[in-house]
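Next comes upload20.csv, with CSV, C-alpha atoms.
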chain,number,residue,atom,x,y,z
A,1,MET,CA,-1.7,-33.8,-32.5
A,2,PRO,CA,-3.2,-31.7,-29.7
A,3,GLN,CA,-4.0,-28.3,-31.3
A,4,SER,CA,-2.9,-26.5,-28.2
A,5,LEU,CA,0.7,-27.8,-28.5
A,6,ARG,CA,1.9,-27.1,-32.1
A,7,ARG,CA,4.1,-24.0,-32.1
A,8,LEU,CA,7.8,-24.8,-32.4
A,9,LEU,CA,10.8,-22.5,-32.1
A,10,TYR,CA,13.8,-24.0,-33.8
A,11,ILE,CA,17.1,-22.4,-32.7
A,12,ASP,CA,20.2,-23.1,-34.9
A,13,ASP,CA,22.9,-20.8,-36.3
A,14,ASP,CA,22.9,-22.7,-39.6
A,15,ALA,CA,20.6,-20.8,-41.9
A,16,GLY,CA,20.4,-23.6,-44.5
A,17,LEU,CA,19.4,-26.2,-41.8
A,18,CYS,CA,16.9,-23.8,-40.4
A,19,ARG,CA,15.2,-23.6,-43.8
A,20,LEU,CA,15.2,-27.3,-44.2
A,21,ALA,CA,13.8,-27.8,-40.6
A,22,GLN,CA,11.1,-25.3,-41.2
A,23,ARG,CA,9.9,-27.0,-44.4
A,24,ALA,CA,10.3,-30.6,-43.1
A,25,LEU,CA,8.7,-30.0,-39.7
A,26,SER,CA,5.9,-28.0,-41.2
A,27,ARG,CA,5.0,-31.0,-43.4
A,28,ARG,CA,4.9,-33.0,-40.2
A,29,GLY,CA,2.3,-30.8,-38.6
A,30,PHE,CA,4.4,-28.2,-36.7
A,31,ASP,CA,4.0,-24.4,-36.9
A,32,VAL,CA,7.8,-23.6,-37.1
A,33,THR,CA,9.5,-20.3,-36.3
A,34,VAL,CA,13.3,-20.2,-36.6
A,35,ALA,CA,16.0,-18.2,-34.7
A,36,HIS,CA,19.6,-18.1,-35.8
A,37,SER,CA,21.3,-17.7,-32.4
A,38,GLY,CA,20.7,-18.4,-28.8
A,39,VAL,CA,20.3,-14.7,-28.0
A,40,GLU,CA,17.7,-14.3,-30.7
A,41,GLY,CA,15.9,-17.4,-29.6
A,42,ILE,CA,15.7,-16.3,-26.0
A,43,ALA,CA,14.4,-12.9,-27.0
A,44,MET,CA,11.7,-14.5,-29.1
A,45,ALA,CA,10.8,-17.0,-26.3
A,46,MET,CA,10.4,-14.0,-23.9
A,47,THR,CA,7.9,-12.2,-26.2
A,48,GLU,CA,6.1,-15.0,-27.9
A,49,ARG,CA,4.4,-18.2,-26.6
A,50,TYR,CA,5.8,-21.5,-28.0
A,51,ASP,CA,4.7,-25.0,-27.1
A,52,LEU,CA,8.1,-26.6,-28.0
A,53,ILE,CA,11.7,-25.5,-28.6
A,54,ALA,CA,14.5,-27.3,-30.4
A,55,VAL,CA,18.0,-26.1,-29.7
A,56,ASP,CA,21.2,-27.0,-31.5
A,57,HIS,CA,24.3,-27.5,-29.4
A,58,TYR,CA,27.0,-25.8,-31.5
A,59,MET,CA,26.3,-22.1,-31.9
A,60,PRO,CA,28.7,-19.1,-31.6
A,61,GLU,CA,28.6,-16.6,-28.7
A,62,MET,CA,26.0,-18.6,-26.8
A,63,ASP,CA,26.0,-22.4,-27.2
A,64,GLY,CA,23.0,-24.7,-26.8
A,65,LEU,CA,23.6,-25.5,-23.1
A,66,ALA,CA,23.8,-21.8,-22.2
A,67,THR,CA,20.7,-21.2,-24.3
A,68,LEU,CA,18.9,-24.1,-22.6
A,69,LYS,CA,19.7,-22.7,-19.1
A,70,ALA,CA,18.5,-19.3,-20.1
A,71,ILE,CA,15.2,-20.7,-21.4
A,72,GLY,CA,14.8,-22.6,-18.1
A,73,LYS,CA,14.8,-19.3,-16.3
A,74,LEU,CA,11.7,-18.0,-18.2
A,75,PRO,CA,8.5,-17.7,-16.2
A,76,SER,CA,6.8,-20.6,-17.9
A,77,PRO,CA,9.4,-22.3,-20.1
A,78,PRO,CA,8.2,-24.7,-22.8
A,79,PRO,CA,9.8,-28.2,-23.1
A,80,VAL,CA,13.1,-28.3,-25.0
A,81,VAL,CA,14.5,-31.0,-27.3
A,82,TYR,CA,18.2,-30.7,-27.6
A,83,VAL,CA,20.1,-31.5,-30.9
A,84,THR,CA,23.6,-32.9,-30.6
A,85,GLY,CA,26.3,-34.4,-32.8
A,86,SER,CA,26.7,-38.1,-33.4
A,87,GLU,CA,29.5,-38.8,-30.9
A,88,GLU,CA,28.5,-36.4,-28.1
A,89,GLY,CA,26.9,-38.6,-25.4
A,90,PRO,CA,28.3,-36.5,-22.5
A,91,VAL,CA,26.7,-33.4,-24.1
A,92,ALA,CA,23.3,-35.1,-24.3
A,93,VAL,CA,23.6,-36.1,-20.6
A,94,ALA,CA,24.6,-32.5,-19.7
A,95,ALA,CA,21.6,-31.2,-21.6
A,96,LEU,CA,19.2,-33.5,-19.8
A,97,LYS,CA,20.6,-32.5,-16.5
A,98,ALA,CA,20.2,-28.8,-17.5
A,99,GLY,CA,16.5,-29.3,-18.1
A,100,ALA,CA,16.1,-30.7,-21.7
A,101,ALA,CA,13.0,-32.9,-22.0
A,102,ASP,CA,14.8,-35.1,-24.7
A,103,TYR,CA,17.6,-35.1,-27.2
A,104,VAL,CA,18.1,-36.1,-30.8
A,105,VAL,CA,21.4,-36.9,-32.6
A,106,LYS,CA,21.8,-34.8,-35.7
A,107,THR,CA,22.4,-36.8,-38.9
A,108,VAL,CA,22.5,-36.1,-42.6
A,109,GLY,CA,19.3,-36.7,-44.5
A,110,ASP,CA,15.5,-36.7,-43.9
A,111,ASP,CA,15.8,-39.4,-41.2
A,112,PHE,CA,17.0,-36.7,-38.8
A,113,PHE,CA,13.7,-34.7,-39.2
A,114,ASP,CA,11.7,-37.9,-38.7
A,115,LEU,CA,13.5,-38.6,-35.4
A,116,LEU,CA,13.2,-35.0,-34.4
A,117,ALA,CA,9.5,-35.0,-35.1
A,118,VAL,CA,9.0,-38.2,-33.1
A,119,ALA,CA,10.9,-36.7,-30.2
A,120,LEU,CA,8.9,-33.5,-30.3
A,121,ASP,CA,5.7,-35.5,-30.4
A,122,HIS,CA,6.7,-37.6,-27.4
A,123,VAL,CA,7.7,-34.5,-25.5
A,124,ARG,CA,4.5,-32.7,-26.5
A,125,VAL,CA,2.3,-35.6,-25.3
A,126,ARG,CA,4.3,-35.9,-22.0
A,127,ALA,CA,4.0,-32.1,-21.5
A,128,ALA,CA,0.3,-32.3,-22.0
A,129,LEU,CA,0.0,-35.2,-19.6
A,130,GLU,CA,2.0,-33.4,-17.0
A,131,ARG,CA,0.0,-30.3,-17.5
A,132,ASP,CA,-3.3,-32.2,-17.1
A,133,LYS,CA,-1.9,-34.0,-14.1
A,134,ALA,CA,-0.9,-30.8,-12.4
A,135,LEU,CA,-4.3,-29.3,-13.2
A,136,ALA,CA,-6.1,-32.3,-11.8
A,137,GLU,CA,-4.0,-32.3,-8.6
A,138,GLU,CA,-4.6,-28.5,-8.2
A,139,GLN,CA,-8.4,-29.1,-8.7
A,140,LEU,CA,-8.2,-32.0,-6.2
A,141,ARG,CA,-6.4,-29.8,-3.6
A,142,ALA,CA,-9.0,-27.1,-4.1
A,143,SER,CA,-11.8,-29.5,-3.7
A,144,ASN,CA,-10.3,-31.0,-0.6
A,145,ALA,CA,-9.8,-27.5,0.8
A,146,ARG,CA,-13.5,-26.7,0.2
A,147,LEU,CA,-14.6,-30.0,1.7
A,148,GLU,CA,-12.4,-29.5,4.8
A,149,ALA,CA,-13.7,-25.9,5.2
A,150,LEU,CA,-17.3,-27.3,4.9
A,151,LEU,CA,-16.6,-30.0,7.4
A,152,ARG,CA,-15.1,-27.5,9.9
A,153,GLU,CA,-18.2,-25.4,9.5
A,154,VAL,CA,-20.4,-28.4,10.1
A,155,ASN,CA,-18.4,-29.3,13.2
A,156,HIS,CA,-18.7,-25.6,14.4
A,157,ARG,CA,-22.5,-25.7,13.9
A,158,VAL,CA,-22.9,-29.1,15.6
A,159,ALA,CA,-20.8,-27.9,18.6
A,160,ASN,CA,-22.9,-24.7,18.9
A,161,SER,CA,-26.1,-26.7,18.6
A,162,LEU,CA,-25.0,-29.1,21.3
A,163,GLN,CA,-24.0,-26.2,23.5
A,164,LEU,CA,-27.6,-24.9,23.0
A,165,VAL,CA,-29.0,-28.3,24.0
A,166,THR,CA,-26.7,-28.3,27.1
A,167,ALA,CA,-28.1,-24.8,28.1
A,168,MET,CA,-31.7,-26.1,27.7
A,169,VAL,CA,-30.9,-29.1,29.9
A,170,ARG,CA,-29.4,-26.9,32.5
A,171,LEU,CA,-32.4,-24.6,32.6
A,172,GLN,CA,-34.7,-27.6,32.9
A,173,ALA,CA,-32.5,-29.0,35.8
A,174,ASN,CA,-32.7,-25.6,37.6
A,175,SER,CA,-36.5,-25.7,37.5
A,176,LEU,CA,-36.7,-29.1,39.2
A,177,ALA,CA,-37.0,-29.6,43.0
A,178,ASP,CA,-36.2,-33.3,43.0
A,179,PRO,CA,-32.5,-33.8,43.7
A,180,ALA,CA,-32.3,-37.1,41.8
A,181,ALA,CA,-33.9,-35.6,38.7
A,182,ARG,CA,-31.5,-32.6,38.9
A,183,GLN,CA,-28.5,-35.0,39.2
A,184,ALA,CA,-29.8,-37.1,36.2
A,185,LEU,CA,-30.0,-33.9,34.1
A,186,ALA,CA,-26.6,-32.8,35.2
A,187,ASP,CA,-25.2,-36.2,34.1
A,188,THR,CA,-26.9,-35.7,30.8
A,189,GLU,CA,-25.4,-32.3,30.4
A,190,ARG,CA,-21.9,-33.6,31.0
A,191,ARG,CA,-22.5,-36.4,28.4
A,192,ILE,CA,-23.6,-33.9,25.8
A,193,ASP,CA,-20.6,-31.7,26.5
A,194,ALA,CA,-18.2,-34.7,26.1
A,195,ILE,CA,-19.5,-35.0,22.6
A,196,ALA,CA,-19.5,-31.3,21.9
A,197,GLN,CA,-15.8,-31.1,22.9
A,198,VAL,CA,-15.0,-33.4,20.0
A,199,HIS,CA,-16.6,-31.1,17.5
A,200,ARG,CA,-15.0,-28.0,19.1
A,201,SER,CA,-11.6,-29.8,18.7
A,202,LEU,CA,-12.3,-30.6,15.0
A,203,TYR,CA,-13.2,-27.0,13.9
A,204,ALA,CA,-10.3,-25.5,15.9
A,205,THR,CA,-7.6,-27.5,14.1
A,206,ASP,CA,-6.5,-28.0,10.5
A,207,ASP,CA,-7.5,-31.7,10.6
A,208,ALA,CA,-11.3,-31.8,10.2
A,209,GLU,CA,-11.5,-35.6,10.7
A,210,GLY,CA,-9.0,-36.5,13.4
A,211,VAL,CA,-8.8,-35.5,17.1
A,212,ASP,CA,-5.6,-35.1,19.1
A,213,MET,CA,-6.7,-36.9,22.3
A,214,LYS,CA,-4.2,-35.1,24.5
A,215,ASP,CA,-5.8,-31.7,23.8
A,216,TYR,CA,-9.3,-33.1,23.7
A,217,LEU,CA,-9.0,-35.0,27.0
A,218,GLN,CA,-7.4,-31.9,28.6
A,219,ALA,CA,-10.4,-29.8,27.7
A,220,LEU,CA,-12.8,-32.5,28.9
A,221,ILE,CA,-10.9,-32.9,32.2
A,222,ASP,CA,-11.0,-29.2,32.7
A,223,GLU,CA,-14.8,-29.3,32.3
A,224,LEU,CA,-15.2,-32.3,34.6
A,225,SER,CA,-12.9,-30.7,37.2
A,226,GLY,CA,-15.3,-27.8,37.3
A,227,ALA,CA,-18.1,-30.2,38.2
A,228,TRP,CA,-16.3,-32.6,40.5
A,229,ALA,CA,-13.0,-31.1,41.9
A,230,SER,CA,-13.2,-29.1,45.1
A,231,GLU,CA,-11.1,-27.7,48.0
A,232,LYS,CA,-13.4,-28.8,50.8
A,233,PRO,CA,-13.4,-31.8,50.7
A,234,LYS,CA,-10.1,-31.8,48.8
A,235,ARG,CA,-10.8,-33.6,45.5
A,236,ALA,CA,-8.6,-33.5,42.5
A,237,LEU,CA,-8.7,-34.8,38.9
A,238,LYS,CA,-5.4,-35.3,37.1
A,239,LEU,CA,-4.6,-36.2,33.5
A,240,GLU,CA,-1.5,-37.7,31.8
A,241,ALA,CA,-2.0,-38.2,28.1
A,242,GLU,CA,0.1,-38.9,25.1
A,243,SER,CA,-0.6,-37.1,21.8
A,244,ILE,CA,-2.7,-39.8,20.0
A,245,ARG,CA,-4.9,-38.9,17.1
A,246,LEU,CA,-8.2,-40.7,16.7
A,247,ALA,CA,-11.0,-40.5,14.2
A,248,ALA,CA,-13.9,-38.3,15.3
A,249,ASP,CA,-16.3,-41.2,16.1
A,250,ARG,CA,-13.7,-43.0,18.1
A,251,ALA,CA,-12.9,-39.8,20.0
A,252,VAL,CA,-16.6,-39.4,20.9
A,253,SER,CA,-16.7,-43.0,22.2
A,254,LEU,CA,-13.6,-42.5,24.3
A,255,GLY,CA,-14.8,-39.2,25.6
A,256,VAL,CA,-18.1,-40.6,26.8
A,257,ILE,CA,-16.2,-43.5,28.5
A,258,VAL,CA,-13.9,-41.0,30.4
A,259,ASN,CA,-16.9,-38.9,31.4
A,260,GLU,CA,-18.8,-41.9,32.9
A,261,LEU,CA,-15.8,-43.4,34.6
A,262,VAL,CA,-14.7,-40.1,36.2
A,263,SER,CA,-18.2,-39.3,37.2
A,264,ASN,CA,-18.7,-42.7,38.8
A,265,ALA,CA,-15.4,-42.4,40.6
A,266,PHE,CA,-16.3,-39.1,42.2
A,267,LYS,CA,-19.9,-40.2,43.0
A,268,TYR,CA,-19.1,-43.6,44.6
A,269,ALA,CA,-15.4,-43.9,45.5
A,270,TYR,CA,-15.0,-41.5,48.4
A,271,GLY,CA,-18.6,-41.0,49.6
A,272,PRO,CA,-20.4,-37.6,49.7
A,273,THR,CA,-17.8,-35.9,52.0
A,274,GLY,CA,-14.5,-37.8,51.7
A,275,PRO,CA,-11.4,-36.3,50.0
A,276,GLY,CA,-9.8,-38.1,47.1
A,277,GLU,CA,-8.1,-38.1,43.8
A,278,VAL,CA,-9.1,-39.5,40.4
A,279,ARG,CA,-6.3,-40.0,37.8
A,280,VAL,CA,-6.8,-40.4,34.0
A,281,SER,CA,-4.1,-41.6,31.7
A,282,LEU,CA,-3.9,-42.4,28.0
A,283,THR,CA,-0.8,-44.1,26.5
A,284,ARG,CA,0.3,-45.9,23.4
A,285,ASP,CA,0.5,-49.6,23.6
A,286,ASP,CA,1.9,-51.4,20.5
A,287,GLY,CA,-0.4,-50.0,17.9
A,288,ALA,CA,-3.2,-49.5,20.3
A,289,PHE,CA,-4.1,-47.0,23.1
A,290,LEU,CA,-4.5,-47.8,26.8
A,291,LEU,CA,-7.0,-45.7,28.8
A,292,ALA,CA,-6.9,-46.0,32.6
A,293,VAL,CA,-9.1,-44.2,35.1
A,294,GLU,CA,-8.2,-44.9,38.8
A,295,ASP,CA,-9.0,-43.8,42.3
A,296,ASP,CA,-8.0,-44.7,45.8
A,297,GLY,CA,-11.5,-45.1,47.1
A,298,VAL,CA,-13.6,-48.0,48.5
A,299,GLY,CA,-13.1,-50.2,45.4
A,300,LEU,CA,-15.7,-52.7,44.2
A,301,GLY,CA,-18.2,-54.1,46.7
A,302,PRO,CA,-21.6,-55.7,46.7
A,303,THR,CA,-23.4,-52.3,46.3
A,304,THR,CA,-20.5,-50.1,45.3
A,305,ARG,CA,-21.0,-48.3,41.9
A,306,THR,CA,-24.3,-50.1,41.1
A,307,GLN,CA,-26.4,-47.3,42.4
A,308,GLY,CA,-28.6,-45.1,40.2
A,309,SER,CA,-30.2,-46.2,37.0
A,310,GLY,CA,-27.2,-48.0,35.6
A,311,LEU,CA,-27.3,-45.9,32.4
A,312,GLY,CA,-23.7,-44.9,32.9
A,313,ASN,CA,-22.5,-48.5,32.9
A,314,ARG,CA,-24.6,-49.3,29.9
A,315,LEU,CA,-23.1,-46.3,28.1
A,316,ILE,CA,-19.5,-47.5,29.0
A,317,GLY,CA,-20.2,-50.9,27.6
A,318,ALA,CA,-21.8,-49.6,24.4
A,319,MET,CA,-19.0,-47.1,23.8
A,320,ALA,CA,-16.3,-49.7,24.5
A,321,LYS,CA,-18.0,-52.2,22.1
A,322,SER,CA,-17.9,-49.5,19.4
A,323,LEU,CA,-14.2,-49.3,19.9
A,324,HIS,CA,-13.9,-53.1,19.7
A,325,GLY,CA,-12.8,-53.3,23.3
A,326,ALA,CA,-14.1,-53.8,26.8
A,327,VAL,CA,-13.5,-52.0,30.1
A,328,GLU,CA,-11.9,-54.1,32.7
A,329,TYR,CA,-12.0,-53.3,36.5
A,330,ASP,CA,-9.3,-54.1,39.1
A,331,SER,CA,-9.6,-53.4,42.8
A,332,GLU,CA,-7.1,-55.8,44.2
A,333,ARG,CA,-4.6,-53.1,45.1
A,334,GLY,CA,-7.1,-50.8,46.8
A,335,GLY,CA,-9.3,-48.3,45.1
A,336,LEU,CA,-10.5,-49.1,41.6
A,337,ARG,CA,-8.6,-49.1,38.3
A,338,ALA,CA,-10.7,-49.2,35.1
A,339,THR,CA,-8.8,-49.9,31.9
A,340,LEU,CA,-9.6,-50.0,28.2
A,341,ARG,CA,-7.3,-51.2,25.4
A,342,ALA,CA,-8.3,-50.6,21.8
A,343,ALA,CA,-6.7,-50.1,18.4
A,344,ILE,CA,-5.8,-46.6,17.4
A,345,ALA,CA,-7.1,-46.9,13.8
Hey, can you dump this file as structure tokens for me?
Amino acid sequence: MPQSLRRLLYIDDDAGLCRLAQRALSRRGFDVTVAHSGVEGIAMAMTERYDLIAVDHYMPEMDGLATLKAIGKLPSPPPVVYVTGSEEGPVAVAALKAGAADYVVKTVGDDFFDLLAVALDHVRVRAALERDKALAEEQLRASNARLEALLREVNHRVANSLQLVTAMVRLQANSLADPAARQALADTERRIDAIAQVHRSLYATDDAEGVDMKDYLQALIDELSGAWASEKPKRALKLEAESIRLAADRAVSLGVIVNELVSNAFKYAYGPTGPGEVRVSLTRDDGAFLLAVEDDGVGLGPTTRTQGSGLGNRLIGAMAKSLHGAVEYDSERGGLRATLRAAIA
């Protein structure tokens, strides 16, 4: 028997049966205290700690069911075994519905105390298991909360560190006279920021592992608009995105792809001075997501969008591969439409 679950309060108005119960159950390992009425039993349960309670059904003034319900209103009520007569199935059912952990049919002889002791043992073990389970679940919740808080702090620090790296890259770019080198560093800055946006999203929400791509892409598009959108010439960047949650590593890959496709569109679709629009969309597609980045520019040609080092295209290919997908290009309807379909999970 678990030593922490031994104290028993036996409530019955029959003084003779109470004495028998105290002797019989004491021999079976219980520390028994008796109460001769429901009112007395409730008063004792309010002032003393008991691990188990046995309640007889037939008692004057306050019967067993009323006593059971009153015990259930205590701050931390112990489990109750209900004692009924031999032909009182409905009473037993009512007791179980009212919160009794088990019931025993009262009979004449020592067999009754054997059955009662067995029922009390079962209830005691079940109560201990439920208590241990609740404690384990509470400890697990506390551990998860600590880990989530730690992960949010890590994401916060990573985002701050990446922001510092971005600032360093910008300072380096400002110190250079070569336009091509300055442009390369500006591209690097945007790539770093696309990754930093993921970590900013992670520490700003309750989910420290998943990213809502609608919010993330909106923040990314806002950053890219600051770099590429303009009034003269009129250039605009638009987003339509569904709320799709991706794991952090997949969100990073998708963010880098969007950054490269949008940057390529503004660099090569409309020329250095032409107006134009770039549209980004993210939708669900039968358990997957479909990313589309399109423009109304010159489309694909023998030299179009193959300028520069080609690093952007290599990044697009690598990030798409990490998502188990591939970016496809379509320019048959004018302009260029780049699409990527990949699983959400």
Identify the residues within 12 Å of coordinate (7.6, -34.2, -31.1) (same frame as the file), considering only C-alpha atoms, and give the answer as number ranges by chain.
A: 1-2, 5-8, 25-26, 28-31, 51-54, 79-82, 101-104, 113-128
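The space between CA of Leu290 in chain A and CA of Asp222 in chain A spans 20.6 Å.
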Handout entry: Point-to-point distance in Å for CA of Leu202 in chain A and CA of Val293 in chain A
Key =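 Separation of CA of Val293 in chain A and CA of Leu202 in chain A: 24.5 Å.
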### Task
Fewer than 4 positions away in the same chain doesn't count, so skip those; otherwise give me all residues within 9 Å of Ser37 in chain A, counting all atoms listed in the file, as a PyMOL selection string.
chain A and resi 11-14+41-42+59-63+67
Can you spit out the residues from that selection as a CSV table (one decimal), keeping the file's coordinate frame, using C-alpha atoms?
chain,number,residue,atom,x,y,z
A,11,ILE,CA,17.1,-22.4,-32.7
A,12,ASP,CA,20.2,-23.1,-34.9
A,13,ASP,CA,22.9,-20.8,-36.3
A,14,ASP,CA,22.9,-22.7,-39.6
A,41,GLY,CA,15.9,-17.4,-29.6
A,42,ILE,CA,15.7,-16.3,-26.0
A,59,MET,CA,26.3,-22.1,-31.9
A,60,PRO,CA,28.7,-19.1,-31.6
A,61,GLU,CA,28.6,-16.6,-28.7
A,62,MET,CA,26.0,-18.6,-26.8
A,63,ASP,CA,26.0,-22.4,-27.2
A,67,THR,CA,20.7,-21.2,-24.3
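Between Arg200 in chain A and the residues A:Glu153, A:Val280, A:Ala180, A:Tyr270, the shortest atom-to-atom distance, using all atoms listed in the file, involves A:Glu153.
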Counting all atoms listed in the file, which of A:Tyr203, A:Tyr216, A:Trp228, A:Tyr50 gets nearest to Arg157 in chain A?
->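 Between A:Tyr203, A:Tyr216, A:Trp228, A:Tyr50, the residue approaching Arg157 in chain A most closely is A:Tyr203.
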Need the shell around Ala159 in chain A: protein/DNA/RNA residues with any atom at most 8 Å away, counting only C-alpha atoms. Skip same-chain ones fewer than 4 positions apart. Format as a PyMOL selection string? chain A and resi 155+163+196-197+199-200
Sorted by chain and rising residue number, list the residues of range 196-293 of chain A at most 7 Å from range 342-345 of chain A (counting all atoms listed in the file), each with its closest atom pair and distance in Å to one decimal, as JSON lines.
{"residue": "A:Leu246", "atom": "CA", "partner": "A:Ile344", "partner_atom": "CA", "distance": 6.4}
{"residue": "A:Gly287", "atom": "CA", "partner": "A:Ala343", "partner_atom": "CA", "distance": 6.3}
{"residue": "A:Ala288", "atom": "CA", "partner": "A:Ala343", "partner_atom": "CA", "distance": 4.0}
{"residue": "A:Phe289", "atom": "CA", "partner": "A:Ala342", "partner_atom": "CA", "distance": 5.7}
{"residue": "A:Leu290", "atom": "CA", "partner": "A:Ala342", "partner_atom": "CA", "distance": 6.9}
Those residues with C-alpha atoms, as a short mmCIF file (atom, residue, chain, number, x, y, z; two decimals), in the coordinates of the input please?
data_model
loop_
_atom_site.label_atom_id
_atom_site.label_comp_id
_atom_site.auth_asym_id
_atom_site.auth_seq_id
_atom_site.Cartn_x
_atom_site.Cartn_y
_atom_site.Cartn_z
CA LEU A 246 -8.20 -40.70 16.70
CA GLY A 287 -0.40 -50.00 17.90
CA ALA A 288 -3.20 -49.50 20.30
CA PHE A 289 -4.10 -47.00 23.10
CA LEU A 290 -4.50 -47.80 26.80
#
Tell me, in Å to one decimal, how far CA of Ala227 in chain A is from CA of Phe266 in chain A.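 Computed distance, CA of Ala227 in chain A to CA of Phe266 in chain A, equals 9.9 Å.
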Restricting to all atoms listed in the file, whichever of A:Ile316, A:Leu147, A:Val39, A:Ala186 is closest to Ala66 in chain A is A:Val39
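Checking A:Lys97, A:Arg279, A:Arg170, A:Arg152 one by one against Ile221 in chain A, counting all atoms listed in the file, you find the shortest gap at A:Arg279.
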*asked:* Measuring between all atoms listed in the file, which one of A:Glu294, A:Glu260, A:Glu48, A:Asp111 shows the shortest distance to Leu311 in chain A?
replied: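 Among the listed residues, A:Glu260 lies closest to Leu311 in chain A.
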inquiry  = Set the distance at 9 Å and use all atoms listed in the file: which residues neighbour Val169 in chain A once local chain neighbours fewer than 3 positions away are removed? I'd like the list as number ranges by chain.
reply    = A: 164-166, 172-174, 185-186, 188-189
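Distances here use all atoms listed in the file; by that measure, the residue among A:Arg131, A:Arg190, A:Arg19, A:Arg49 closest to Ser225 in chain A is A:Arg190.
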For the contact check between range 276-340 of chain A and range 231-245 of chain A, emit one row per residue of range 276-340 of chain A within 9 Å, containing the shortest atom pair and the distance in Å rounded to one decimal, counting all atoms listed in the file, chain then rising number order, as CSV.
residue,atom,partner,partner_atom,distance
A:Gly276,CA,A:Arg235,CA,4.9
A:Glu277,CA,A:Ala236,CA,4.8
A:Val278,CA,A:Leu237,CA,4.9
A:Arg279,CA,A:Lys238,CA,4.8
A:Val280,CA,A:Leu239,CA,4.8
A:Ser281,CA,A:Glu240,CA,4.7
A:Leu282,CA,A:Ala241,CA,4.6
A:Thr283,CA,A:Glu242,CA,5.5
A:Arg284,CA,A:Glu242,CA,7.2
A:Phe289,CA,A:Ile244,CA,8.0
Residue selection dump (C-alpha atoms) as a PDB file, keeping the file's coordinate frame:
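Printed below is out.pdb as written:
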ATOM      1  CA  GLY A 276      -9.800 -38.100  47.100  1.00  0.00           C
ATOM      2  CA  GLU A 277      -8.100 -38.100  43.800  1.00  0.00           C
ATOM      3  CA  VAL A 278      -9.100 -39.500  40.400  1.00  0.00           C
ATOM      4  CA  ARG A 279      -6.300 -40.000  37.800  1.00  0.00           C
ATOM      5  CA  VAL A 280      -6.800 -40.400  34.000  1.00  0.00           C
ATOM      6  CA  SER A 281      -4.100 -41.600  31.700  1.00  0.00           C
ATOM      7  CA  LEU A 282      -3.900 -42.400  28.000  1.00  0.00           C
ATOM      8  CA  THR A 283      -0.800 -44.100  26.500  1.00  0.00           C
ATOM      9  CA  ARG A 284       0.300 -45.900  23.400  1.00  0.00           C
ATOM     10  CA  PHE A 289      -4.100 -47.000  23.100  1.00  0.00           C
TER      11      PHE A 289
END
